Amino acid sequence: PSELPVEIRPATLEDIAAMHRIRLAVRENALRDPSRIQPADYAALLAGSGRGFVARVGDSVVGFGIANAANRNLWALFVDPAFEGRGIGRRLHDELLDWLFGLGSAPAWLTTEPGSRAERFYRVAGWQDAGREPGGDLRLEFHPFDDEA
């Protein structure tokens, strides 16, 4: 099938409802307690030390990512299940890392479910093992490339 054009743009507060819908719709890394992440959490990051990007197809948000500059964390990266496998996640990932590493060279980190497609995605993208979180999630780090001097 022909590829639909995907637009990547900075996230706004008006995107939060669509981002939260996608976060709750994912099949992997689903929230064990959906009340743990609320729309106010997105707003706090976007209005503070975070930056988000959304992927849009037509008028619909089909994926999003948010990173937090204060702690160098990739806080969220999710694609609507109906749009998986089209490179949208990788484009959002790359935008987030470009932004984070534009601010400094300290490693970025994230947590994800061990053995998941997300873990494989991040490892292919160059993320490295950095241990386990108390709840059992895998902690991964991304180090900027040293050979770009």
# chains A, B, ... in the order shown; residues from 1 in each chain; ligands from 1

$ residues_around --residues "Gln38 in chain A" --least-positions-apart "4" --cutoff "10 Å" --atoms "only C-alpha atoms" --output "ChimeraX atom specification"
/A:16-17,20,34,42-43

$ select_by_dssp --residues "range 35-145 of chain A" --states "helix (DSSP H, G or I)" --output "ChimeraX atom specification"
/A:35-36,39-47,81-83,88-103,117-124

$ write_last_selection --atoms "C-alpha atoms" --output "PDB file, in the first residue's frame"
ATOM      1  CA  SER A  35      -4.396   6.192  36.909  1.00  0.00           C
ATOM      2  CA  ARG A  36      -0.602   6.534  37.334  1.00  0.00           C
ATOM      3  CA  PRO A  39      -3.129  14.437  31.324  1.00  0.00           C
ATOM      4  CA  ALA A  40      -1.663  16.819  33.923  1.00  0.00           C
ATOM      5  CA  ASP A  41       1.616  14.839  33.788  1.00  0.00           C
ATOM      6  CA  TYR A  42       1.983  15.574  30.067  1.00  0.00           C
ATOM      7  CA  ALA A  43       1.125  19.237  30.623  1.00  0.00           C
ATOM      8  CA  ALA A  44       3.694  19.612  33.411  1.00  0.00           C
ATOM      9  CA  LEU A  45       6.465  18.251  31.209  1.00  0.00           C
ATOM     10  CA  LEU A  46       5.482  20.236  28.125  1.00  0.00           C
ATOM     11  CA  ALA A  47       5.247  23.449  30.161  1.00  0.00           C
ATOM     12  CA  PRO A  81      -1.319   0.300  17.281  1.00  0.00           C
ATOM     13  CA  ALA A  82      -3.024   0.859  13.895  1.00  0.00           C
ATOM     14  CA  PHE A  83       0.087   2.738  12.676  1.00  0.00           C
ATOM     15  CA  ILE A  88       6.857   6.578  12.904  1.00  0.00           C
ATOM     16  CA  GLY A  89       8.351   5.539  16.231  1.00  0.00           C
ATOM     17  CA  ARG A  90      11.885   5.798  14.862  1.00  0.00           C
ATOM     18  CA  ARG A  91      11.251   9.286  13.467  1.00  0.00           C
ATOM     19  CA  LEU A  92       9.868  10.457  16.821  1.00  0.00           C
ATOM     20  CA  HIS A  93      12.768   8.772  18.637  1.00  0.00           C
ATOM     21  CA  ASP A  94      15.308  10.573  16.461  1.00  0.00           C
ATOM     22  CA  GLU A  95      13.601  13.964  16.964  1.00  0.00           C
ATOM     23  CA  LEU A  96      13.662  13.497  20.744  1.00  0.00           C
ATOM     24  CA  LEU A  97      17.332  12.502  20.799  1.00  0.00           C
ATOM     25  CA  ASP A  98      18.291  15.348  18.461  1.00  0.00           C
ATOM     26  CA  TRP A  99      16.603  17.732  20.888  1.00  0.00           C
ATOM     27  CA  LEU A 100      18.129  16.188  24.038  1.00  0.00           C
ATOM     28  CA  PHE A 101      21.646  16.005  22.633  1.00  0.00           C
ATOM     29  CA  GLY A 102      21.318  19.529  21.284  1.00  0.00           C
ATOM     30  CA  LEU A 103      21.152  20.566  24.951  1.00  0.00           C
ATOM     31  CA  ARG A 117       9.230  -5.238  21.026  1.00  0.00           C
ATOM     32  CA  ALA A 118      10.063  -1.856  22.567  1.00  0.00           C
ATOM     33  CA  GLU A 119      13.235  -3.287  24.094  1.00  0.00           C
ATOM     34  CA  ARG A 120      14.273  -4.661  20.697  1.00  0.00           C
ATOM     35  CA  PHE A 121      13.436  -1.311  19.041  1.00  0.00           C
ATOM     36  CA  TYR A 122      15.645   0.593  21.487  1.00  0.00           C
ATOM     37  CA  ARG A 123      18.526  -1.879  21.255  1.00  0.00           C
ATOM     38  CA  VAL A 124      18.511  -1.664  17.438  1.00  0.00           C
TER      39      VAL A 124
END

$ atom_distance --atom1 "CA of Arg86 in chain A" --atom2 "CA of Ile8 in chain A"
13.4 Å

$ residues_around --residues "range 58-62 of chain A" --least-positions-apart "4" --cutoff "7 Å" --atoms "only C-alpha atoms" --output "PDB file with N, CA, C and O atoms, in the first residue's frame"
ATOM      1  N   ALA A  18      -5.097  13.433  22.678  1.00  0.00           N
ATOM      2  CA  ALA A  18      -4.738  12.416  21.682  1.00  0.00           C
ATOM      3  C   ALA A  18      -3.544  11.592  22.152  1.00  0.00           C
ATOM      4  O   ALA A  18      -3.514  10.368  21.969  1.00  0.00           O
ATOM      5  N   VAL A  54       4.729  15.147  18.098  1.00  0.00           N
ATOM      6  CA  VAL A  54       3.641  14.273  17.672  1.00  0.00           C
ATOM      7  C   VAL A  54       3.826  13.943  16.202  1.00  0.00           C
ATOM      8  O   VAL A  54       4.393  14.721  15.433  1.00  0.00           O
ATOM      9  N   VAL A  79       3.214   4.735  19.641  1.00  0.00           N
ATOM     10  CA  VAL A  79       2.561   4.849  18.342  1.00  0.00           C
ATOM     11  C   VAL A  79       1.226   4.118  18.427  1.00  0.00           C
ATOM     12  O   VAL A  79       1.139   3.032  19.006  1.00  0.00           O
ATOM     13  N   ASP A  80       0.201   4.728  17.870  1.00  0.00           N
ATOM     14  CA  ASP A  80      -1.115   4.101  17.797  1.00  0.00           C
ATOM     15  C   ASP A  80      -0.942   2.704  17.183  1.00  0.00           C
ATOM     16  O   ASP A  80      -0.292   2.568  16.141  1.00  0.00           O
ATOM     17  N   PHE A  83      -0.938   2.108  13.508  1.00  0.00           N
ATOM     18  CA  PHE A  83       0.087   2.738  12.676  1.00  0.00           C
ATOM     19  C   PHE A  83       1.490   2.210  12.976  1.00  0.00           C
ATOM     20  O   PHE A  83       2.482   2.786  12.521  1.00  0.00           O
TER      21      PHE A  83
END

$ select_by_dssp --residues "chain A" --states "strand (DSSP E or B)" --output "PDB file with C-alpha atoms, in the first residue's frame"
ATOM      1  CA  GLU A   7       4.085  15.033   9.669  1.00  0.00           C
ATOM      2  CA  ILE A   8       6.286  15.334  12.783  1.00  0.00           C
ATOM      3  CA  ARG A   9       5.837  18.549  14.729  1.00  0.00           C
ATOM      4  CA  PRO A  10       6.327  19.826  18.284  1.00  0.00           C
ATOM      5  CA  GLY A  50      10.178  18.632  28.632  1.00  0.00           C
ATOM      6  CA  ARG A  51       9.658  18.709  24.907  1.00  0.00           C
ATOM      7  CA  GLY A  52       7.269  16.559  22.956  1.00  0.00           C
ATOM      8  CA  PHE A  53       6.714  15.711  19.332  1.00  0.00           C
ATOM      9  CA  VAL A  54       3.641  14.273  17.672  1.00  0.00           C
ATOM     10  CA  ALA A  55       3.285  12.348  14.442  1.00  0.00           C
ATOM     11  CA  ARG A  56       0.202  13.242  12.442  1.00  0.00           C
ATOM     12  CA  VAL A  57      -1.453  11.579   9.500  1.00  0.00           C
ATOM     13  CA  SER A  60      -5.020  12.613  13.480  1.00  0.00           C
ATOM     14  CA  VAL A  61      -2.210  12.251  15.988  1.00  0.00           C
ATOM     15  CA  VAL A  62      -0.889   8.707  15.461  1.00  0.00           C
ATOM     16  CA  GLY A  63       2.183   8.768  17.686  1.00  0.00           C
ATOM     17  CA  PHE A  64       4.042  10.894  20.202  1.00  0.00           C
ATOM     18  CA  GLY A  65       7.181  11.141  22.248  1.00  0.00           C
ATOM     19  CA  ILE A  66       8.192  13.290  25.204  1.00  0.00           C
ATOM     20  CA  ALA A  67      11.659  13.772  26.693  1.00  0.00           C
ATOM     21  CA  ASN A  68      12.616  15.545  29.907  1.00  0.00           C
ATOM     22  CA  ASN A  73      14.819  10.856  30.382  1.00  0.00           C
ATOM     23  CA  LEU A  74      12.901   9.652  27.338  1.00  0.00           C
ATOM     24  CA  TRP A  75       9.597   9.788  29.218  1.00  0.00           C
ATOM     25  CA  ALA A  76       7.278   8.428  26.543  1.00  0.00           C
ATOM     26  CA  LEU A  77       7.396   7.122  22.984  1.00  0.00           C
ATOM     27  CA  PHE A  78       4.234   5.487  21.692  1.00  0.00           C
ATOM     28  CA  VAL A  79       2.561   4.849  18.342  1.00  0.00           C
ATOM     29  CA  ALA A 108      19.799   9.790  27.957  1.00  0.00           C
ATOM     30  CA  TRP A 109      17.905   7.016  29.740  1.00  0.00           C
ATOM     31  CA  LEU A 110      14.554   5.259  29.667  1.00  0.00           C
ATOM     32  CA  THR A 111      12.790   2.275  31.132  1.00  0.00           C
ATOM     33  CA  THR A 112      10.883  -0.392  29.243  1.00  0.00           C
ATOM     34  CA  GLN A 128      22.534  -0.064  26.039  1.00  0.00           C
ATOM     35  CA  ASP A 129      21.757  -1.987  29.217  1.00  0.00           C
ATOM     36  CA  ALA A 130      21.961   0.048  32.417  1.00  0.00           C
ATOM     37  CA  GLY A 131      20.352  -2.362  34.902  1.00  0.00           C
ATOM     38  CA  ARG A 132      16.880  -2.986  36.261  1.00  0.00           C
ATOM     39  CA  LEU A 138      14.769  -2.618  32.124  1.00  0.00           C
ATOM     40  CA  ARG A 139      16.782   0.602  32.268  1.00  0.00           C
ATOM     41  CA  LEU A 140      18.551   1.549  29.041  1.00  0.00           C
ATOM     42  CA  GLU A 141      20.945   4.401  28.271  1.00  0.00           C
ATOM     43  CA  PHE A 142      21.863   6.138  25.045  1.00  0.00           C
TER      44      PHE A 142
END

$ atom_distance --atom1 "CA of Ala69 in chain A" --atom2 "CA of Ile37 in chain A"
18.9 Å

$ atom_distance --atom1 "CA of Ala70 in chain A" --atom2 "CA of Arg23 in chain A"
22.2 Å

$ closest_residue --among "A:Gly85, A:Gly126, A:Gly48, A:Val26" --to "Leu13 in chain A" --atoms "only C-alpha atoms"
A:Gly48
